[in-house]
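Asker: structure_18.pdb is reproduced below (PDB, C-alpha atoms).
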ATOM      1  CA  MET A   1    -101.342 -37.458 -66.237  1.00  0.00           C
ATOM      2  CA  ALA A   2     -99.269 -39.733 -68.472  1.00  0.00           C
ATOM      3  CA  ASP A   3    -100.701 -41.416 -71.538  1.00  0.00           C
ATOM      4  CA  ARG A   4    -101.717 -45.033 -71.161  1.00  0.00           C
ATOM      5  CA  ILE A   5     -99.377 -47.579 -72.782  1.00  0.00           C
ATOM      6  CA  GLU A   6    -100.646 -51.001 -73.819  1.00  0.00           C
ATOM      7  CA  ILE A   7     -98.969 -54.028 -75.366  1.00  0.00           C
ATOM      8  CA  GLU A   8    -101.506 -56.640 -76.391  1.00  0.00           C
ATOM      9  CA  LEU A   9    -100.622 -60.185 -77.452  1.00  0.00           C
ATOM     10  CA  VAL A  10    -103.136 -61.838 -79.779  1.00  0.00           C
ATOM     11  CA  PHE A  11    -102.911 -65.609 -80.293  1.00  0.00           C
ATOM     12  CA  THR A  12    -104.680 -66.775 -83.440  1.00  0.00           C
ATOM     13  CA  PRO A  13    -106.225 -70.237 -83.940  1.00  0.00           C
ATOM     14  CA  ASP A  14    -103.547 -71.093 -86.527  1.00  0.00           C
ATOM     15  CA  GLY A  15    -100.733 -70.558 -83.984  1.00  0.00           C
ATOM     16  CA  GLN A  16     -99.614 -67.084 -84.998  1.00  0.00           C
ATOM     17  CA  VAL A  17     -98.913 -64.430 -82.390  1.00  0.00           C
ATOM     18  CA  ARG A  18     -99.543 -60.752 -83.028  1.00  0.00           C
ATOM     19  CA  LEU A  19     -98.266 -57.885 -80.859  1.00  0.00           C
ATOM     20  CA  GLU A  20    -100.291 -54.690 -80.908  1.00  0.00           C
ATOM     21  CA  THR A  21     -99.108 -51.555 -79.148  1.00  0.00           C
ATOM     22  CA  ARG A  22    -101.018 -48.435 -78.188  1.00  0.00           C
ATOM     23  CA  GLY A  23     -99.617 -45.282 -76.636  1.00  0.00           C
ATOM     24  CA  LEU A  24     -96.024 -45.874 -77.790  1.00  0.00           C
ATOM     25  CA  LYS A  25     -94.894 -43.238 -80.237  1.00  0.00           C
ATOM     26  CA  GLY A  26     -92.024 -43.392 -82.703  1.00  0.00           C
ATOM     27  CA  LYS A  27     -89.553 -46.263 -82.592  1.00  0.00           C
ATOM     28  CA  THR A  28     -90.258 -46.692 -78.866  1.00  0.00           C
ATOM     29  CA  CYS A  29     -92.676 -49.506 -79.743  1.00  0.00           C
ATOM     30  CA  LEU A  30     -89.823 -51.494 -81.320  1.00  0.00           C
ATOM     31  CA  THR A  31     -87.642 -51.057 -78.237  1.00  0.00           C
ATOM     32  CA  GLU A  32     -90.421 -51.946 -75.809  1.00  0.00           C
ATOM     33  CA  THR A  33     -91.473 -55.109 -77.677  1.00  0.00           C
ATOM     34  CA  GLU A  34     -87.980 -56.402 -78.545  1.00  0.00           C
ATOM     35  CA  ALA A  35     -87.744 -58.899 -75.659  1.00  0.00           C
ATOM     36  CA  LEU A  36     -91.242 -60.233 -76.360  1.00  0.00           C
ATOM     37  CA  GLU A  37     -90.433 -60.679 -80.043  1.00  0.00           C
ATOM     38  CA  LYS A  38     -87.272 -62.624 -79.223  1.00  0.00           C
ATOM     39  CA  ALA A  39     -89.157 -64.868 -76.786  1.00  0.00           C
ATOM     40  CA  ILE A  40     -91.999 -65.552 -79.229  1.00  0.00           C
ATOM     41  CA  GLY A  41     -89.927 -66.289 -82.332  1.00  0.00           C
ATOM     42  CA  THR A  42     -89.347 -64.906 -85.806  1.00  0.00           C
ATOM     43  CA  VAL A  43     -91.051 -61.668 -86.851  1.00  0.00           C
ATOM     44  CA  GLU A  44     -92.755 -62.346 -90.170  1.00  0.00           C
ATOM     45  CA  SER A  45     -94.134 -58.863 -90.787  1.00  0.00           C
ATOM     46  CA  ARG A  46     -94.697 -55.445 -89.224  1.00  0.00           C
ATOM     47  CA  THR A  47     -97.522 -52.983 -89.685  1.00  0.00           C
ATOM     48  CA  ARG A  48     -96.710 -49.465 -88.610  1.00  0.00           C
ATOM     49  CA  THR A  49     -99.547 -47.379 -87.235  1.00  0.00           C
ATOM     50  CA  SER A  50     -99.779 -43.598 -87.275  1.00  0.00           C
ATOM     51  CA  GLU A  51     -98.244 -43.581 -83.761  1.00  0.00           C
ATOM     52  CA  PHE A  52     -94.985 -44.925 -85.218  1.00  0.00           C
ATOM     53  CA  TYR A  53     -94.575 -41.679 -87.174  1.00  0.00           C
ATOM     54  CA  GLN A  54     -95.194 -39.423 -84.144  1.00  0.00           C
ATOM     55  CA  GLN A  55     -92.497 -38.033 -81.864  1.00  0.00           C
ATOM     56  CA  PRO A  56     -92.049 -40.040 -78.646  1.00  0.00           C
ATOM     57  CA  ALA A  57     -92.598 -38.352 -75.304  1.00  0.00           C
ATOM     58  CA  THR A  58     -89.400 -37.293 -73.555  1.00  0.00           C
ATOM     59  CA  ALA A  59     -90.618 -37.758 -69.973  1.00  0.00           C
ATOM     60  CA  LYS A  60     -89.915 -41.130 -68.385  1.00  0.00           C
ATOM     61  CA  GLY A  61     -92.286 -42.836 -65.999  1.00  0.00           C
ATOM     62  CA  LYS A  62     -92.439 -46.004 -63.968  1.00  0.00           C
ATOM     63  CA  THR A  63     -93.519 -49.282 -65.499  1.00  0.00           C
ATOM     64  CA  ARG A  64     -96.118 -51.362 -63.724  1.00  0.00           C
ATOM     65  CA  GLN A  65     -96.853 -55.012 -64.438  1.00  0.00           C
ATOM     66  CA  GLY A  66    -100.063 -56.719 -63.590  1.00  0.00           C
TER      67      GLY A  66
END
Could you spell out this file's structure in structure tokens?
Answerer:
Amino acid sequence: MADRIEIELVFTPDGQVRLETRGLKGKTCLTETEALEKAIGTVESRTRTSEFYQQPATAKGKTRQG
């Protein structure tokens, strides 16, 4: 069974938007969130989690929206 991948958008009361990813390892999170970042606006900062420093999985799966 494949690991679960989540991209969460958090909208703060002061108008900021924060993207949080889970299940994306390595630089895959940057690739997967690129279109969202462009649509939202300028990236002011990034916080890299421990998953960023892990090796991404090599198997590819299907993406499901909804």
Asker: Any chance you could resolve the PyMOL selection byres ((chain A and resi 9) around 10) against this file and give the residues as a list in words?
Answerer: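 Taken on the displayed file, the PyMOL selection byres ((chain A and resi 9) around 10) yields the residues Glu6, Ile7, Glu8, Val10, Phe11, Thr12, Val17, Arg18, Leu19, Glu20, Thr21 and Leu36 of chain A.
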Asker: Apply the PyMOL selection byres ((chain A and resi 53) around 12) to the displayed file and report the matching residues as a count of residues only.
Answerer: 15
Asker: At what distance in Å, to one decimal, does CA of Asp3 in chain A lie from CA of Glu44 in chain A?
Answerer: 29.1 Å
Asker: My list of candidates is A:Arg46, A:Ala35, A:Arg4, A:Gly41. Which is closest to Gln16 in chain A when distances are computed with only C-alpha atoms?
Answerer: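 Among the listed residues, the smallest separation from Gln16 in chain A belongs to A:Gly41.
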